[in-house]
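Since the structure comes first, as C-alpha cells, the remarks are kept for the end.
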Amino acid sequence: FSICLGLTSVVIPGSVKTIDIAAFGLCLSLSSLSIPNSVTAIGDQAFMACEGLTSISVFWNDPRTVTYGENIFNLVDNKSNIKLLIPEKSMKSVYQTLAPWKDFYLLATGISGIVNPSISIYPNPAIDYVVFSGVKKNEIIRFYDMKGSLSLTFKLTEENERVSISHLMNGFYFVRIGEEKQVLKFLKK
C-alpha cells in the first residue's frame with residue numbers, strides 16, 4: 001500500500017501476522033490505524049512518512065511479543081500529538097519505554113483484542129443496519145470510534161436482531177460485545 005495518497009484509515013484484519021517493509025510508507029493522508037494482536041512482526045519503515053496520523057490502536061497486552069524493524073515511523077515528526085490507544089489491562093509502562101511506541105501520546109482504553117470466532121457482524125461494511133450472529137439475547141453491545149470514544153450502546157432484545165446504525169458517522173468502529181470484551185471491527189458507510 002506504499003504511496004496510497006488517498007488512504008485515510010486502515011484496520012488490519014486479525015488474519016495478518018506480518019506488516020512488511022514499507023507496507024504503508026508515504027501514505028501521507030493516513031490518519032487512523034488499527035493493528036490487531038495477531039501481528040507478530042512489523043518491518044523496517046512500515047509507516048514511514050505517514051505524517052497525517054492522529055491515532056493508532058494496538059491490541060497487544062505486552063508489545064514485546066512483536067519483532068520490530070528499524071525506523072517503523074521514520075519521518076513522522078509529530079508523535080507526541082498522535083494518540084496511541086492500548087488495551088486497558090496492557091503493560092503501559094512497557095509501551096512508555098519501548099521503541100517504536102515510547103514517543104506517542106499514550107491512552108489506555110477499555111478495548112481488548114480478544115475475539116470469539118463464532119461471533120460476527122454483518123453486513124460489514126453497512127449503511128443502515130447491522131445484525132450480530134452468535135450473540136445472545138440481552139447482551140450489551142457498544143460501538144467505539146477510532147479515538148476510543150463510546151458512540152453507541154444498546155441491548156439486544158433477541159438473537160439476530162437488526163440494529164439501526166444510520167445515525168452513526170461514516171468510518172471505522174470497534175464493537176465490544178458484552179462484558180467479556182469481545183471486539184469486532186466494523187465499517188459504517
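How things are named: the first chain in the C-alpha cells is A, the next is B, and so on; residues count from 1 in each chain; ligands count from 1 in the order shown.
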
* Write out as a ChimeraX atom specification which residues come within 6 Å of range 167-183 of chain A when counting only C-alpha atoms, dropping same-chain ones fewer than 2 positions away. => /A:112,114-115,139-146,165,185-189

* Asked: In range 9-152 of chain A, what's strand (DSSP E) per DSSP? Answer as an MDAnalysis selection string?
  -> chainID A and resid 9:11 18:19 32:35 41:42 55:58 67:68 83:87 105:109 120:122 129:133 140:145 150:152

* To do: Quick one: pull the distance between CA of Lys83 in chain A and CA of Ser55 in chain A, Å, one decimal.
  =>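 A separation of 4.5 Å between them.
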
* To do: Quick one: everything within 8 Å of Gly14 in chain A, counting only C-alpha atoms, minus sequence neighbours fewer than 5 positions away in the same chain. Send it as a PyMOL selection string.
  => chain A and resi 36-39

Mind writing the picked residues with N, CA and C atoms as an mmCIF file, in the first residue's frame?
data_model
loop_
_atom_site.group_PDB
_atom_site.id
_atom_site.type_symbol
_atom_site.label_atom_id
_atom_site.label_comp_id
_atom_site.auth_asym_id
_atom_site.auth_seq_id
_atom_site.Cartn_x
_atom_site.Cartn_y
_atom_site.Cartn_z
ATOM 1 N N PRO A 36 -4.009 -5.415 14.924
ATOM 2 C CA PRO A 36 -4.502 -6.447 15.833
ATOM 3 C C PRO A 36 -3.358 -7.167 16.552
ATOM 4 N N ASN A 37 -3.705 -7.922 17.584
ATOM 5 C CA ASN A 37 -2.681 -8.655 18.327
ATOM 6 C C ASN A 37 -2.183 -9.892 17.582
ATOM 7 N N SER A 38 -2.758 -10.185 16.405
ATOM 8 C CA SER A 38 -2.249 -11.293 15.589
ATOM 9 C C SER A 38 -0.913 -10.934 14.941
ATOM 10 N N VAL A 39 -0.623 -9.631 14.806
ATOM 11 C CA VAL A 39 0.624 -9.184 14.181
ATOM 12 C C VAL A 39 1.789 -9.449 15.124
#

* Skip range 97-110 of chain A itself and residues of its chain fewer than 2 positions away, then list as JSON, numbers by chain all residues within 10 Å of it, counting only C-alpha atoms. => {"A": [54, 55, 56, 57, 63, 64, 68, 69, 70, 71, 72, 73, 74, 77, 78, 79, 80, 81, 82, 83, 84, 85, 86, 87, 88, 89, 90, 91, 92, 93, 94, 95, 112, 144, 147, 148, 149, 176, 181]}

* When DSSP works through the backbone of this structure, what residues of range 69-184 of chain A end up as helix (DSSP H, G or I), shown as a ChimeraX atom specification? -> /A:79-81,92-97

Neighbours of Thr65 in chain A within 9 Å (only C-alpha atoms; same-chain residues fewer than 4 positions away dropped), as a JSON list (two decimals) with C-alpha atoms, in the first residue's frame?
[["chain", "number", "residue", "atom", "x", "y", "z"],
["A", 40, "THR", "CA", 3.94, -10.53, 15.44],
["A", 41, "ALA", "CA", 6.34, -8.64, 13.15],
["A", 60, "TRP", "CA", -1.07, -6.34, 22.42],
["A", 61, "ASN", "CA", -1.13, -6.60, 26.20]]

Just want the 9 Å neighbourhood of range 24-34 of chain A, counted on only C-alpha atoms, with same-chain residues fewer than 6 positions away dropped. Output as a tab-separated table (two decimals) with N, CA and C atoms, in the first residue's frame.
chain	number	residue	atom	x	y	z
A	1	PHE	N	0.81	-1.20	0.00
A	1	PHE	CA	0.00	0.00	0.00
A	1	PHE	C	0.85	1.26	0.00
A	2	SER	N	2.14	1.12	-0.22
A	2	SER	CA	3.01	2.29	-0.26
A	2	SER	C	2.50	3.32	-1.26
A	3	ILE	N	2.62	4.57	-0.86
A	3	ILE	CA	2.28	5.72	-1.69
A	3	ILE	C	0.80	5.74	-2.10
A	4	CYS	N	-0.09	5.19	-1.26
A	4	CYS	CA	-1.53	5.32	-1.49
A	4	CYS	C	-1.94	6.66	-0.89
A	5	LEU	N	-1.83	7.70	-1.67
A	5	LEU	CA	-2.00	9.05	-1.16
A	5	LEU	C	-3.41	9.35	-0.66
A	6	GLY	N	-4.42	8.63	-1.14
A	6	GLY	CA	-5.80	8.86	-0.69
A	6	GLY	C	-6.22	7.99	0.47
A	7	LEU	N	-5.37	7.09	0.91
A	7	LEU	CA	-5.70	6.18	2.02
A	7	LEU	C	-5.77	6.97	3.32
A	8	THR	N	-6.93	6.93	4.01
A	8	THR	CA	-7.09	7.72	5.23
A	8	THR	C	-7.20	6.89	6.50
A	9	SER	N	-7.63	5.63	6.38
A	9	SER	CA	-7.84	4.80	7.56
A	9	SER	C	-7.56	3.34	7.22
A	10	VAL	N	-6.89	2.63	8.15
A	10	VAL	CA	-6.58	1.22	7.93
A	10	VAL	C	-6.90	0.44	9.19
A	11	VAL	N	-7.72	-0.62	9.04
A	11	VAL	CA	-7.93	-1.60	10.10
A	11	VAL	C	-7.37	-2.90	9.56
A	12	ILE	N	-6.23	-3.30	10.08
A	12	ILE	CA	-5.58	-4.52	9.62
A	12	ILE	C	-6.33	-5.71	10.20
A	13	PRO	N	-6.73	-6.69	9.36
A	13	PRO	CA	-7.52	-7.81	9.86
A	13	PRO	C	-6.71	-8.75	10.76
A	45	GLN	N	10.54	0.64	8.38
A	45	GLN	CA	9.86	1.79	7.77
A	45	GLN	C	8.44	1.47	7.30
A	46	ALA	N	7.74	0.58	8.02
A	46	ALA	CA	6.40	0.15	7.63
A	46	ALA	C	5.43	1.32	7.48
A	47	PHE	N	5.60	2.36	8.32
A	47	PHE	CA	4.71	3.53	8.28
A	47	PHE	C	5.50	4.81	8.07
A	48	MET	N	6.56	4.72	7.31
A	48	MET	CA	7.43	5.85	7.05
A	48	MET	C	6.66	7.00	6.40
A	49	ALA	N	6.82	8.20	6.92
A	49	ALA	CA	6.25	9.44	6.38
A	49	ALA	C	4.72	9.46	6.38
A	50	CYS	N	4.11	8.69	7.29
A	50	CYS	CA	2.65	8.76	7.45
A	50	CYS	C	2.37	9.96	8.35
A	51	GLU	N	2.59	11.13	7.80
A	51	GLU	CA	2.56	12.37	8.59
A	51	GLU	C	1.16	12.84	8.94
A	52	GLY	N	0.12	12.20	8.39
A	52	GLY	CA	-1.26	12.57	8.72
A	52	GLY	C	-1.82	11.81	9.92
A	53	LEU	N	-1.04	10.90	10.50
A	53	LEU	CA	-1.55	10.07	11.60
A	53	LEU	C	-2.03	10.92	12.78
A	54	THR	N	-3.20	10.59	13.30
A	54	THR	CA	-3.72	11.22	14.52
A	54	THR	C	-4.00	10.18	15.60
A	55	SER	N	-4.27	8.92	15.20
A	55	SER	CA	-4.50	7.88	16.21
A	55	SER	C	-4.08	6.51	15.69
A	56	ILE	N	-3.53	5.73	16.62
A	56	ILE	CA	-3.12	4.35	16.34
A	56	ILE	C	-3.69	3.49	17.46
A	57	SER	N	-4.43	2.44	17.09
A	57	SER	CA	-4.96	1.49	18.07
A	57	SER	C	-4.18	0.19	17.92
A	58	VAL	N	-3.66	-0.31	19.05
A	58	VAL	CA	-2.94	-1.58	19.06
A	58	VAL	C	-3.56	-2.48	20.12
A	59	PHE	N	-3.41	-3.79	19.99
A	59	PHE	CA	-4.13	-4.72	20.85
A	59	PHE	C	-3.24	-5.72	21.58
A	73	PHE	N	8.34	4.27	12.15
A	73	PHE	CA	7.64	5.53	11.95
A	73	PHE	C	8.61	6.64	11.53
A	146	MET	N	-12.66	5.35	16.33
A	146	MET	CA	-11.21	5.08	16.25
A	146	MET	C	-10.43	5.81	17.33
A	147	LYS	N	-11.02	6.80	17.97
A	147	LYS	CA	-10.35	7.51	19.06
A	147	LYS	C	-10.62	6.88	20.41

* To do: Measure the distance from CA of Ser15 in chain A to CA of Leu184 in chain A in Å and round it to one decimal.
  =>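 One can read the CA of Ser15 in chain A to CA of Leu184 in chain A distance as 13.1 Å.
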
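Atom pair CA of Ser151 in chain A / CA of Ser166 in chain A has a distance of 12.3 Å (rounded to one decimal).
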
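Nearest-residue note for Val130 in chain A: choosing from A:Val76, A:Ser164, A:Glu158, A:Val16, the minimum distance belongs to A:Ser164, counting only C-alpha atoms.
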
* With distances taken over only C-alpha atoms, which of A:Arg162, A:Ile21, A:Leu152, A:Ile35 is nearest to Tyr122 in chain A? -> A:Arg162

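Comparing the minimum interatomic distances between Phe132 in chain A and each of A:Leu75, A:Leu156, A:Ile19, A:Thr67, counting only C-alpha atoms, we find that A:Leu156 sits nearest.
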